[in-house]
file entry.json (JSON, C-alpha atoms and all ligand atoms)
[["chain", "number", "residue", "atom", "x", "y", "z"],
["A", 1, "MET", "CA", 70.38, 1.91, -40.61],
["A", 2, "THR", "CA", 69.78, 0.95, -44.22],
["A", 3, "MET", "CA", 67.42, -1.91, -44.97],
["A", 4, "SER", "CA", 69.01, -4.80, -46.74],
["A", 5, "ASP", "CA", 67.57, -5.75, -50.12],
["A", 6, "THR", "CA", 67.58, -9.37, -48.99],
["A", 7, "LEU", "CA", 64.52, -10.29, -46.94],
["A", 8, "LEU", "CA", 65.11, -14.03, -46.65],
["A", 9, "LYS", "CA", 68.25, -16.02, -47.20],
["A", 10, "VAL", "CA", 68.43, -19.78, -47.55],
["A", 11, "ASP", "CA", 72.07, -20.52, -46.94],
["A", 12, "ASN", "CA", 73.47, -23.88, -47.99],
["A", 13, "VAL", "CA", 70.49, -25.75, -46.53],
["A", 14, "THR", "CA", 70.49, -29.54, -46.48],
["A", 15, "LEU", "CA", 67.66, -31.63, -45.08],
["A", 16, "ARG", "CA", 67.76, -35.41, -44.90],
["A", 17, "PHE", "CA", 64.89, -37.72, -44.05],
["A", 18, "GLY", "CA", 66.65, -40.99, -43.32],
["A", 19, "GLY", "CA", 68.10, -41.95, -46.68],
["A", 20, "VAL", "CA", 66.27, -39.24, -48.66],
["A", 21, "THR", "CA", 68.07, -35.95, -49.19],
["A", 22, "ALA", "CA", 65.09, -33.64, -49.71],
["A", 23, "LEU", "CA", 67.26, -30.51, -49.86],
["A", 24, "ASP", "CA", 70.89, -30.65, -50.83],
["A", 25, "GLY", "CA", 72.96, -27.51, -50.19],
["A", 26, "VAL", "CA", 70.24, -25.15, -51.40],
["A", 27, "ASP", "CA", 71.15, -21.45, -51.63],
["A", 28, "PHE", "CA", 68.92, -18.61, -52.66],
["A", 29, "GLU", "CA", 67.61, -15.30, -51.47],
["A", 30, "VAL", "CA", 64.26, -13.60, -51.58],
["A", 31, "ARG", "CA", 64.58, -9.89, -52.26],
["A", 32, "ARG", "CA", 62.39, -7.34, -50.53],
["A", 33, "GLY", "CA", 59.29, -6.52, -52.58],
["A", 34, "GLU", "CA", 59.71, -9.16, -55.26],
["A", 35, "ILE", "CA", 57.52, -12.06, -56.35],
["A", 36, "LEU", "CA", 59.88, -15.01, -56.47],
["A", 37, "GLY", "CA", 58.77, -18.29, -58.01],
["A", 38, "LEU", "CA", 60.05, -21.57, -56.58],
["A", 39, "ILE", "CA", 59.53, -24.24, -59.22],
["A", 40, "GLY", "CA", 60.63, -27.75, -60.07],
["A", 41, "PRO", "CA", 59.21, -31.20, -60.80],
["A", 42, "ASN", "CA", 57.27, -33.24, -58.23],
["A", 43, "GLY", "CA", 59.41, -34.25, -55.28],
["A", 44, "ALA", "CA", 62.02, -31.56, -56.03],
["A", 45, "GLY", "CA", 61.93, -30.26, -52.44],
["A", 46, "LYS", "CA", 59.79, -27.12, -52.83],
["A", 47, "THR", "CA", 57.34, -27.80, -49.99],
["A", 48, "THR", "CA", 60.21, -29.06, -47.84],
["A", 49, "CYS", "CA", 61.88, -25.73, -48.42],
["A", 50, "PHE", "CA", 58.78, -23.92, -47.05],
["A", 51, "ASN", "CA", 58.77, -26.33, -44.12],
["A", 52, "VAL", "CA", 62.36, -25.44, -43.26],
["A", 53, "MET", "CA", 61.67, -21.71, -43.64],
["A", 54, "THR", "CA", 58.63, -21.86, -41.34],
["A", 55, "GLY", "CA", 60.13, -24.02, -38.60],
["A", 56, "VAL", "CA", 58.38, -27.31, -39.36],
["A", 57, "PHE", "CA", 61.79, -28.92, -39.92],
["A", 58, "LYS", "CA", 65.21, -27.94, -38.67],
["A", 59, "PRO", "CA", 67.79, -28.21, -41.45],
["A", 60, "THR", "CA", 70.37, -30.97, -41.18],
["A", 61, "ALA", "CA", 72.94, -28.35, -42.24],
["A", 62, "GLY", "CA", 72.92, -24.71, -43.28],
["A", 63, "GLU", "CA", 70.61, -21.98, -42.07],
["A", 64, "VAL", "CA", 67.79, -19.66, -42.98],
["A", 65, "THR", "CA", 67.86, -15.98, -42.04],
["A", 66, "PHE", "CA", 64.94, -13.61, -42.31],
["A", 67, "ASP", "CA", 65.20, -9.84, -42.06],
["A", 68, "GLY", "CA", 68.59, -10.25, -40.41],
["A", 69, "GLU", "CA", 67.39, -12.81, -37.84],
["A", 70, "ARG", "CA", 68.21, -16.47, -37.75],
["A", 71, "VAL", "CA", 65.08, -18.53, -38.39],
["A", 72, "SER", "CA", 66.31, -22.11, -38.24],
["A", 73, "GLY", "CA", 65.85, -23.49, -34.75],
["A", 74, "ARG", "CA", 63.03, -21.11, -33.79],
["A", 75, "ALA", "CA", 59.51, -22.30, -33.02],
["A", 76, "LYS", "CA", 56.81, -21.92, -35.66],
["A", 77, "TYR", "CA", 54.88, -19.20, -33.77],
["A", 78, "ALA", "CA", 58.09, -17.22, -33.29],
["A", 79, "ILE", "CA", 58.76, -17.35, -37.03],
["A", 80, "THR", "CA", 55.20, -16.19, -37.71],
["A", 81, "ARG", "CA", 55.86, -13.22, -35.43],
["A", 82, "LEU", "CA", 59.07, -12.45, -37.29],
["A", 83, "GLY", "CA", 56.88, -12.03, -40.38],
["A", 84, "ILE", "CA", 56.73, -15.21, -42.45],
["A", 85, "ALA", "CA", 53.28, -16.57, -43.32],
["A", 86, "ARG", "CA", 52.35, -19.46, -45.56],
["A", 87, "THR", "CA", 49.52, -21.38, -47.12],
["A", 88, "PHE", "CA", 49.54, -25.15, -47.54],
["A", 89, "GLN", "CA", 49.60, -27.39, -50.60],
["A", 90, "ASN", "CA", 46.71, -29.30, -49.02],
["A", 91, "ILE", "CA", 44.30, -26.74, -47.61],
["A", 92, "ARG", "CA", 44.41, -26.53, -43.83],
["A", 93, "LEU", "CA", 41.47, -24.62, -42.42],
["A", 94, "PHE", "CA", 39.33, -25.14, -39.35],
["A", 95, "PRO", "CA", 36.41, -26.67, -41.25],
["A", 96, "GLU", "CA", 33.74, -26.15, -38.57],
["A", 97, "MET", "CA", 34.66, -22.52, -37.92],
["A", 98, "THR", "CA", 33.31, -19.70, -40.03],
["A", 99, "ALA", "CA", 35.45, -17.96, -42.61],
["A", 100, "LEU", "CA", 35.69, -14.94, -40.31],
["A", 101, "GLU", "CA", 36.81, -17.07, -37.36],
["A", 102, "ASN", "CA", 39.46, -18.74, -39.48],
["A", 103, "VAL", "CA", 40.92, -15.32, -40.26],
["A", 104, "LEU", "CA", 40.72, -14.32, -36.59],
["A", 105, "VAL", "CA", 42.97, -17.29, -35.83],
["A", 106, "GLY", "CA", 45.57, -15.62, -38.04],
["A", 107, "THR", "CA", 45.03, -12.24, -36.37],
["A", 108, "ASP", "CA", 45.56, -13.92, -33.03],
["A", 109, "ALA", "CA", 49.13, -14.81, -33.89],
["A", 110, "ARG", "CA", 49.88, -11.07, -33.42],
["A", 111, "HIS", "CA", 48.00, -10.16, -30.26],
["A", 112, "LYS", "CA", 48.58, -10.61, -26.57],
["A", 113, "THR", "CA", 44.95, -11.11, -25.66],
["A", 114, "SER", "CA", 43.42, -13.88, -27.66],
["A", 115, "VAL", "CA", 40.40, -12.79, -29.67],
["A", 116, "VAL", "CA", 39.71, -16.37, -30.61],
["A", 117, "GLY", "CA", 40.00, -17.32, -26.97],
["A", 118, "ALA", "CA", 37.46, -14.64, -26.13],
["A", 119, "LEU", "CA", 35.07, -15.90, -28.78],
["A", 120, "PHE", "CA", 35.22, -19.49, -27.67],
["A", 121, "ARG", "CA", 35.87, -18.89, -23.97],
["A", 122, "LEU", "CA", 38.88, -21.12, -23.95],
["A", 123, "PRO", "CA", 40.09, -22.38, -20.57],
["A", 124, "ARG", "CA", 43.16, -20.13, -20.59],
["A", 125, "VAL", "CA", 41.03, -17.01, -20.89],
["A", 126, "LYS", "CA", 38.65, -18.23, -18.19],
["A", 127, "ALA", "CA", 41.63, -18.83, -15.92],
["A", 128, "GLU", "CA", 42.73, -15.24, -16.44],
["A", 129, "ALA", "CA", 39.30, -14.02, -15.41],
["A", 130, "HIS", "CA", 39.62, -15.94, -12.14],
["A", 131, "THR", "CA", 42.78, -14.07, -11.27],
["A", 132, "LEU", "CA", 40.75, -10.84, -10.98],
["A", 133, "PRO", "CA", 40.75, -9.49, -7.43],
["A", 134, "GLU", "CA", 37.48, -10.12, -5.58],
["A", 135, "SER", "CA", 36.76, -6.45, -5.01],
["A", 136, "GLY", "CA", 38.23, -3.02, -4.48],
["A", 137, "TRP", "CA", 39.93, -0.50, -6.72],
["A", 138, "ARG", "CA", 42.24, -3.12, -8.20],
["A", 139, "ARG", "CA", 39.24, -5.00, -9.55],
["A", 140, "THR", "CA", 37.62, -1.84, -10.90],
["A", 141, "PHE", "CA", 40.88, -0.89, -12.55],
["A", 142, "ALA", "CA", 41.40, -4.31, -14.07],
["A", 143, "LEU", "CA", 37.85, -4.46, -15.36],
["A", 144, "THR", "CA", 37.81, -0.94, -16.75],
["A", 145, "PHE", "CA", 41.13, -1.08, -18.53],
["A", 146, "GLY", "CA", 41.66, -4.79, -19.04],
["A", 147, "VAL", "CA", 38.21, -5.62, -20.34],
["A", 148, "SER", "CA", 37.75, -2.48, -22.42],
["A", 149, "ARG", "CA", 41.13, -3.09, -24.03],
["A", 150, "HIS", "CA", 39.97, -6.61, -24.71],
["A", 151, "ILE", "CA", 36.73, -5.46, -26.32],
["A", 152, "ALA", "CA", 38.50, -2.83, -28.38],
["A", 153, "GLU", "CA", 41.00, -5.39, -29.61],
["A", 154, "GLU", "CA", 38.25, -7.84, -30.42],
["A", 155, "ARG", "CA", 36.38, -5.22, -32.47],
["A", 156, "ALA", "CA", 39.51, -4.16, -34.27],
["A", 157, "ALA", "CA", 40.39, -7.77, -35.04],
["A", 158, "ARG", "CA", 36.94, -8.45, -36.46],
["A", 159, "ALA", "CA", 37.04, -5.34, -38.61],
["A", 160, "LYS", "CA", 40.45, -6.32, -39.88],
["A", 161, "ALA", "CA", 39.33, -9.89, -40.58],
["A", 162, "LEU", "CA", 36.37, -8.59, -42.59],
["A", 163, "ASP", "CA", 38.68, -6.28, -44.54],
["A", 164, "LEU", "CA", 40.89, -9.23, -45.38],
["A", 165, "LEU", "CA", 37.94, -11.35, -46.50],
["A", 166, "SER", "CA", 36.91, -8.53, -48.77],
["A", 167, "PHE", "CA", 40.50, -8.08, -49.99],
["A", 168, "VAL", "CA", 40.61, -11.70, -51.17],
["A", 169, "GLY", "CA", 37.06, -11.40, -52.55],
["A", 170, "ILE", "CA", 35.00, -13.59, -50.22],
["A", 171, "GLU", "CA", 33.43, -11.08, -47.81],
["A", 172, "GLY", "CA", 29.99, -12.46, -48.70],
["A", 173, "HIS", "CA", 30.92, -15.73, -46.98],
["A", 174, "ALA", "CA", 32.16, -14.32, -43.66],
["A", 175, "ASP", "CA", 29.66, -16.31, -41.61],
["A", 176, "ALA", "CA", 29.76, -19.52, -43.64],
["A", 177, "GLN", "CA", 31.58, -22.51, -42.20],
["A", 178, "ALA", "CA", 34.90, -22.99, -43.98],
["A", 179, "LYS", "CA", 33.92, -26.51, -45.05],
["A", 180, "ASN", "CA", 30.96, -25.11, -46.96],
["A", 181, "LEU", "CA", 33.00, -22.72, -49.09],
["A", 182, "SER", "CA", 33.85, -23.68, -52.64],
["A", 183, "TYR", "CA", 37.32, -25.09, -53.17],
["A", 184, "GLY", "CA", 38.55, -21.84, -54.75],
["A", 185, "ASP", "CA", 37.12, -19.76, -51.90],
["A", 186, "GLN", "CA", 38.82, -22.03, -49.35],
["A", 187, "ARG", "CA", 42.14, -21.31, -51.05],
["A", 188, "ARG", "CA", 41.38, -17.57, -50.86],
["A", 189, "LEU", "CA", 40.43, -17.93, -47.21],
["A", 190, "GLU", "CA", 43.79, -19.54, -46.49],
["A", 191, "ILE", "CA", 45.46, -16.52, -48.04],
["A", 192, "ALA", "CA", 43.34, -14.15, -45.91],
["A", 193, "ARG", "CA", 44.27, -16.07, -42.79],
["A", 194, "ALA", "CA", 47.97, -15.93, -43.67],
["A", 195, "LEU", "CA", 47.70, -12.17, -44.32],
["A", 196, "ALA", "CA", 46.05, -11.71, -40.92],
["A", 197, "THR", "CA", 49.37, -12.54, -39.25],
["A", 198, "GLU", "CA", 50.72, -9.30, -40.82],
["A", 199, "PRO", "CA", 53.59, -10.96, -42.63],
["A", 200, "LYS", "CA", 56.43, -9.35, -44.53],
["A", 201, "LEU", "CA", 56.82, -12.50, -46.59],
["A", 202, "LEU", "CA", 53.89, -14.55, -47.84],
["A", 203, "CYS", "CA", 54.70, -18.07, -49.03],
["A", 204, "LEU", "CA", 52.07, -19.70, -51.26],
["A", 205, "ASP", "CA", 52.32, -23.44, -51.88],
["A", 206, "GLU", "CA", 50.51, -24.19, -55.16],
["A", 207, "PRO", "CA", 47.68, -21.72, -54.56],
["A", 208, "ALA", "CA", 46.23, -22.32, -58.04],
["A", 209, "ALA", "CA", 46.17, -26.12, -57.87],
["A", 210, "GLY", "CA", 42.86, -27.33, -59.26],
["A", 211, "PHE", "CA", 41.85, -23.89, -60.57],
["A", 212, "ASN", "CA", 40.27, -23.26, -63.95],
["A", 213, "PRO", "CA", 41.76, -20.53, -66.20],
["A", 214, "ALA", "CA", 39.34, -17.85, -64.94],
["A", 215, "GLU", "CA", 40.17, -18.62, -61.29],
["A", 216, "LYS", "CA", 43.87, -18.61, -62.14],
["A", 217, "ALA", "CA", 43.55, -15.16, -63.68],
["A", 218, "ARG", "CA", 41.83, -13.88, -60.54],
["A", 219, "LEU", "CA", 44.53, -15.41, -58.37],
["A", 220, "LEU", "CA", 47.23, -13.78, -60.42],
["A", 221, "GLU", "CA", 45.53, -10.44, -59.85],
["A", 222, "LEU", "CA", 45.32, -11.14, -56.11],
["A", 223, "ILE", "CA", 49.03, -12.00, -55.92],
["A", 224, "ARG", "CA", 49.88, -8.70, -57.63],
["A", 225, "LYS", "CA", 47.60, -6.83, -55.21],
["A", 226, "ILE", "CA", 49.40, -8.47, -52.29],
["A", 227, "ARG", "CA", 52.74, -7.33, -53.62],
["A", 228, "ASP", "CA", 51.34, -3.84, -54.13],
["A", 229, "LEU", "CA", 50.57, -3.75, -50.40],
["A", 230, "GLY", "CA", 54.33, -3.88, -49.91],
["A", 231, "LEU", "CA", 54.62, -7.58, -49.18],
["A", 232, "THR", "CA", 57.16, -9.96, -50.62],
["A", 233, "VAL", "CA", 55.78, -13.14, -52.17],
["A", 234, "LEU", "CA", 57.34, -16.56, -52.59],
["A", 235, "LEU", "CA", 55.26, -18.70, -54.90],
["A", 236, "ILE", "CA", 55.39, -22.44, -55.54],
["A", 237, "GLU", "CA", 53.42, -23.17, -58.67],
["A", 238, "HIS", "CA", 53.39, -25.78, -61.41],
["A", 239, "ASP", "CA", 51.43, -23.77, -63.96],
["A", 240, "MET", "CA", 54.19, -22.25, -66.07],
["A", 241, "ARG", "CA", 51.98, -19.63, -67.69],
["A", 242, "LEU", "CA", 50.92, -18.36, -64.31],
["A", 243, "VAL", "CA", 54.49, -18.46, -62.96],
["A", 244, "MET", "CA", 55.98, -16.72, -65.98],
["A", 245, "GLY", "CA", 53.22, -14.11, -65.91],
["A", 246, "VAL", "CA", 53.53, -13.02, -62.31],
["A", 247, "THR", "CA", 57.07, -13.60, -61.00],
["A", 248, "ASP", "CA", 60.06, -11.28, -61.12],
["A", 249, "ARG", "CA", 62.57, -14.11, -60.70],
["A", 250, "LEU", "CA", 62.59, -17.88, -60.46],
["A", 251, "VAL", "CA", 64.55, -20.47, -58.51],
["A", 252, "VAL", "CA", 64.40, -24.01, -59.89],
["A", 253, "LEU", "CA", 64.90, -27.12, -57.79],
["A", 254, "GLU", "CA", 65.33, -30.68, -58.96],
["A", 255, "PHE", "CA", 66.03, -33.65, -56.67],
["A", 256, "GLY", "CA", 66.70, -31.26, -53.78],
["A", 257, "LYS", "CA", 69.29, -29.19, -55.65],
["A", 258, "LYS", "CA", 69.02, -25.74, -57.14],
["A", 259, "ILE", "CA", 69.57, -26.18, -60.86],
["A", 260, "ALA", "CA", 68.79, -22.67, -62.10],
["A", 261, "GLU", "CA", 67.94, -19.14, -61.01],
["A", 262, "GLY", "CA", 67.11, -15.98, -62.95],
["A", 263, "SER", "CA", 64.42, -14.04, -64.75],
["A", 264, "PRO", "CA", 61.52, -16.04, -66.17],
["A", 265, "ALA", "CA", 62.92, -15.49, -69.68],
["A", 266, "GLU", "CA", 66.38, -16.76, -68.66],
["A", 267, "VAL", "CA", 65.03, -19.76, -66.81],
["A", 268, "ARG", "CA", 62.73, -20.75, -69.67],
["A", 269, "GLU", "CA", 65.72, -21.00, -72.01],
["A", 270, "ASN", "CA", 67.92, -22.90, -69.55],
["A", 271, "PRO", "CA", 68.73, -26.39, -70.93],
["A", 272, "LYS", "CA", 68.88, -27.92, -67.43],
["A", 273, "VAL", "CA", 65.38, -26.64, -66.71],
["A", 274, "ILE", "CA", 64.03, -27.86, -70.01],
["A", 275, "ALA", "CA", 65.56, -31.28, -69.35],
["A", 276, "ALA", "CA", 64.17, -31.40, -65.80],
["A", 277, "TYR", "CA", 60.67, -30.63, -67.04],
["A", 278, "LEU", "CA", 60.77, -32.89, -70.05],
["A", 279, "GLY", "CA", 62.51, -35.69, -68.19],
["A", 280, "VAL", "CA", 65.42, -35.72, -70.63],
["A", 281, "PRO", "CA", 68.84, -36.76, -69.28],
["A", 282, "GLN", "CA", 70.96, -33.63, -68.91],
["A", 283, "ASP", "CA", 73.73, -34.62, -71.30],
["A", 284, "ALA", "CA", 71.09, -35.28, -73.97],
["A", 285, "ALA", "CA", 69.44, -31.90, -73.62],
["B", 301, "LIG", "N1", 58.11, -35.73, -43.80],
["B", 301, "LIG", "C1", 58.82, -36.38, -44.74],
["B", 301, "LIG", "N2", 59.41, -37.57, -44.48],
["B", 301, "LIG", "C2", 60.13, -38.22, -45.40],
["B", 301, "LIG", "N3", 60.35, -37.78, -46.65],
["B", 301, "LIG", "C3", 59.78, -36.61, -46.98],
["B", 301, "LIG", "C4", 58.99, -35.85, -46.07],
["B", 301, "LIG", "N4", 58.57, -34.72, -46.67],
["B", 301, "LIG", "C5", 59.07, -34.78, -47.93],
["B", 301, "LIG", "N5", 59.80, -35.90, -48.12],
["B", 301, "LIG", "C6", 60.52, -36.26, -49.34],
["B", 301, "LIG", "O1", 61.31, -35.16, -49.72],
["B", 301, "LIG", "C7", 61.32, -34.99, -51.12],
["B", 301, "LIG", "C8", 60.83, -33.62, -51.48],
["B", 301, "LIG", "O2", 59.43, -33.53, -51.22],
["B", 301, "LIG", "P1", 58.61, -32.19, -51.34],
["B", 301, "LIG", "O3", 57.26, -32.47, -50.81],
["B", 301, "LIG", "O4", 59.36, -31.08, -50.74],
["B", 301, "LIG", "O5", 58.55, -31.99, -52.92],
["B", 301, "LIG", "P2", 57.79, -30.88, -53.77],
["B", 301, "LIG", "O6", 58.82, -30.23, -54.64],
["B", 301, "LIG", "O7", 56.98, -30.02, -52.91],
["B", 301, "LIG", "O8", 56.88, -31.78, -54.72],
["B", 301, "LIG", "P3", 55.36, -31.56, -55.26],
["B", 301, "LIG", "O9", 55.50, -30.68, -56.47],
["B", 301, "LIG", "O10", 54.91, -32.92, -55.63],
["B", 301, "LIG", "O11", 54.58, -30.96, -54.16],
["B", 301, "LIG", "C9", 60.47, -36.13, -51.69],
["B", 301, "LIG", "O12", 61.33, -37.19, -52.04],
["B", 301, "LIG", "C10", 59.59, -36.50, -50.53],
["B", 301, "LIG", "O13", 59.18, -37.83, -50.60],
["B", 302, "MG", "MG", 54.99, -29.67, -52.71]]

call {"tool": "encode", "arguments": {"input": "entry.json", "output": "structure tokens"}}
result
Amino acid sequence: MTMSDTLLKVDNVTLRFGGVTALDGVDFEVRRGEILGLIGPNGAGKTTCFNVMTGVFKPTAGEVTFDGERVSGRAKYAITRLGIARTFQNIRLFPEMTALENVLVGTDARHKTSVVGALFRLPRVKAEAHTLPESGWRRTFALTFGVSRHIAEERAARAKALDLLSFVGIEGHADAQAKNLSYGDQRRLEIARALATEPKLLCLDEPAAGFNPAEKARLLELIRKIRDLGLTVLLIEHDMRLVMGVTDRLVVLEFGKKIAEGSPAEVRENPKVIAAYLGVPQDAA
């Protein structure tokens, strides 16, 4: 079987919130291995697009397919397992948990036995322990194989989480509570957590918001490193220099509609895009 070049396809997607049409017949594809930029003015529908792709909203019409599977209508966790991960425009971490634990939450999305559950002794895990036979060979068997598998998985997950923290450049903060990390490090931590779900497609919603030029340059490097791992990246970003510098292609939304698509050079010259960004009526551009 040959792998299709298209990893994700947004097919004629419309999403209405009451009277607001947040997405209006949007069509585009994300190609395997590329860094695709999704840009457009405030309120254009970019975040809503991520929300449809990750199962937060079901489209009013149209559908999203990922790696040949229909996404629209599936639950969020099921979409994560298919291989789509995202970060949020407004950082969403578990503030009281350590950086390492936050990444383990991402790792957990992949595993049958919950490492996070084991760490915090959640009720579900306790309940499983109670189902152990009282005695006899069944108990010995369950303990020997069940528990050792559990410990091995927990170790592997921790090692992987540490690797990811080091990959995004914050391994020194593994044991710090997420709320005590700097703003930039929290954004990096979100990326590490998303990567922990072992995605094929990583969707970043304004990862450089609030960054200074030096932090932006580091982020750009990180995005390239992520692509070099073999991942596909979909990037929402307002900073045009960053977008133009890192993306292979761009899709431009305005008022819920796709108004342009192409290479950064093509899109930059597109009169509709210029008008959308400068706020000039289209016929005057
Ligand atoms: N949950 C919601 N309920 C109602 N309207 C919504 C909801 N989410 C988004 N919208 C509306 O949908 C439109 C698109 O919003 P969206 O957040 O996707 O824009 P955006 O392109 O991400 O903008 P920004 O660059 O400011 O983040 C806006 O008009 C917004 O008010
Ligand atoms: Mg947004």

call {"tool": "atom_distance", "arguments": {"input": "entry.json", "atom1": "atom O5 of ligand LIG 301 (chain B)", "atom2": "atom CA of Asn51 of chain A"}}
result
10.5 Å

call {"tool": "closest_atom_pairs", "arguments": {"input": "entry.json", "of": "chain A", "to": "ligand MG 302 (chain B)", "cutoff": "9 Å", "atoms": "all atoms listed in the file", "output": "Markdown table"}}
result
| residue | atom | partner | partner_atom | distance |
| --- | --- | --- | --- | --- |
| A:Asn42 | CA | B:MG302 | MG | 7.0 |
| A:Gly43 | CA | B:MG302 | MG | 6.9 |
| A:Ala44 | CA | B:MG302 | MG | 8.0 |
| A:Gly45 | CA | B:MG302 | MG | 7.0 |
| A:Lys46 | CA | B:MG302 | MG | 5.4 |
| A:Thr47 | CA | B:MG302 | MG | 4.1 |
| A:Thr48 | CA | B:MG302 | MG | 7.2 |
| A:Phe50 | CA | B:MG302 | MG | 8.9 |
| A:Phe88 | CA | B:MG302 | MG | 8.8 |
| A:Gln89 | CA | B:MG302 | MG | 6.2 |
| A:Asp205 | CA | B:MG302 | MG | 6.8 |
| A:Glu206 | CA | B:MG302 | MG | 7.5 |
| A:Ile236 | CA | B:MG302 | MG | 7.8 |
| A:Glu237 | CA | B:MG302 | MG | 9.0 |

call {"tool": "residues_around", "arguments": {"input": "entry.json", "residues": "Phe94 of chain A", "least_positions_apart": "4", "cutoff": "9 Å", "atoms": "only C-alpha atoms", "output": "PyMOL selection string"}}
result
chain A and resi 98-99+101-102+177-179

call {"tool": "atom_distance", "arguments": {"input": "entry.json", "atom1": "atom CA of Arg31 of chain A", "atom2": "atom CA of Leu8 of chain A"}}
result
7.0 Å

call {"tool": "closest_residue", "arguments": {"input": "entry.json", "among": "A:Ser72, A:Thr60, A:Asn90, A:Gln186", "to": "ligand LIG 301 (chain B)", "atoms": "all atoms listed in the file"}}
result
A:Asn90

call {"tool": "closest_residue", "arguments": {"input": "entry.json", "among": "A:Val246, A:Leu36, A:Leu7, A:Val20", "to": "Gly68 of chain A", "atoms": "all atoms listed in the file"}}
result
A:Leu7

call {"tool": "residues_around", "arguments": {"input": "entry.json", "residues": "Phe167 of chain A", "least_positions_apart": "5", "cutoff": "9 Å", "atoms": "only C-alpha atoms", "output": "list in words"}}
result
Leu162, Ala192, Leu222 and Lys225 of chain A

call {"tool": "atom_distance", "arguments": {"input": "entry.json", "atom1": "atom CA of His238 of chain A", "atom2": "atom CA of Val105 of chain A"}}
result
28.9 Å

call {"tool": "closest_residue", "arguments": {"input": "entry.json", "among": "A:Asp24, A:Asp163, A:Asp175, A:Glu154", "to": "ligand LIG 301 (chain B)", "atoms": "only C-alpha atoms and all ligand atoms"}}
result
A:Asp24

call {"tool": "residues_around", "arguments": {"input": "entry.json", "residues": "segment 275-278 of chain A", "least_positions_apart": "4", "cutoff": "12 Å", "atoms": "only C-alpha atoms", "output": "PyMOL selection string"}}
result
chain A and resi 39-44+238-240+252-255+257-260+267-271+282-285

call {"tool": "residues_around", "arguments": {"input": "entry.json", "residues": "Arg81 of chain A", "least_positions_apart": "5", "cutoff": "9 Å", "atoms": "all atoms listed in the file", "output": "list in words"}}
result
Lys76, Ala109, Arg110, Thr197, Glu198 and Pro199 of chain A

call {"tool": "closest_residue", "arguments": {"input": "entry.json", "among": "A:Gly33, A:Gly184, A:Gly136, A:Gly245", "to": "Ala214 of chain A", "atoms": "all atoms listed in the file"}}
result
A:Gly184

call {"tool": "residues_around", "arguments": {"input": "entry.json", "residues": "Glu190 of chain A", "least_positions_apart": "4", "cutoff": "7 Å", "atoms": "only C-alpha atoms", "output": "count of residues only"}}
result
4

call {"tool": "closest_residue", "arguments": {"input": "entry.json", "among": "A:Ala61, A:Leu100, A:Leu229, A:Leu38", "to": "ligand LIG 301 (chain B)", "atoms": "all atoms listed in the file"}}
result
A:Leu38

call {"tool": "closest_residue", "arguments": {"input": "entry.json", "among": "A:Val168, A:Ala152, A:Leu220, A:Val56", "to": "ligand LIG 301 (chain B)", "atoms": "all atoms listed in the file"}}
result
A:Val56
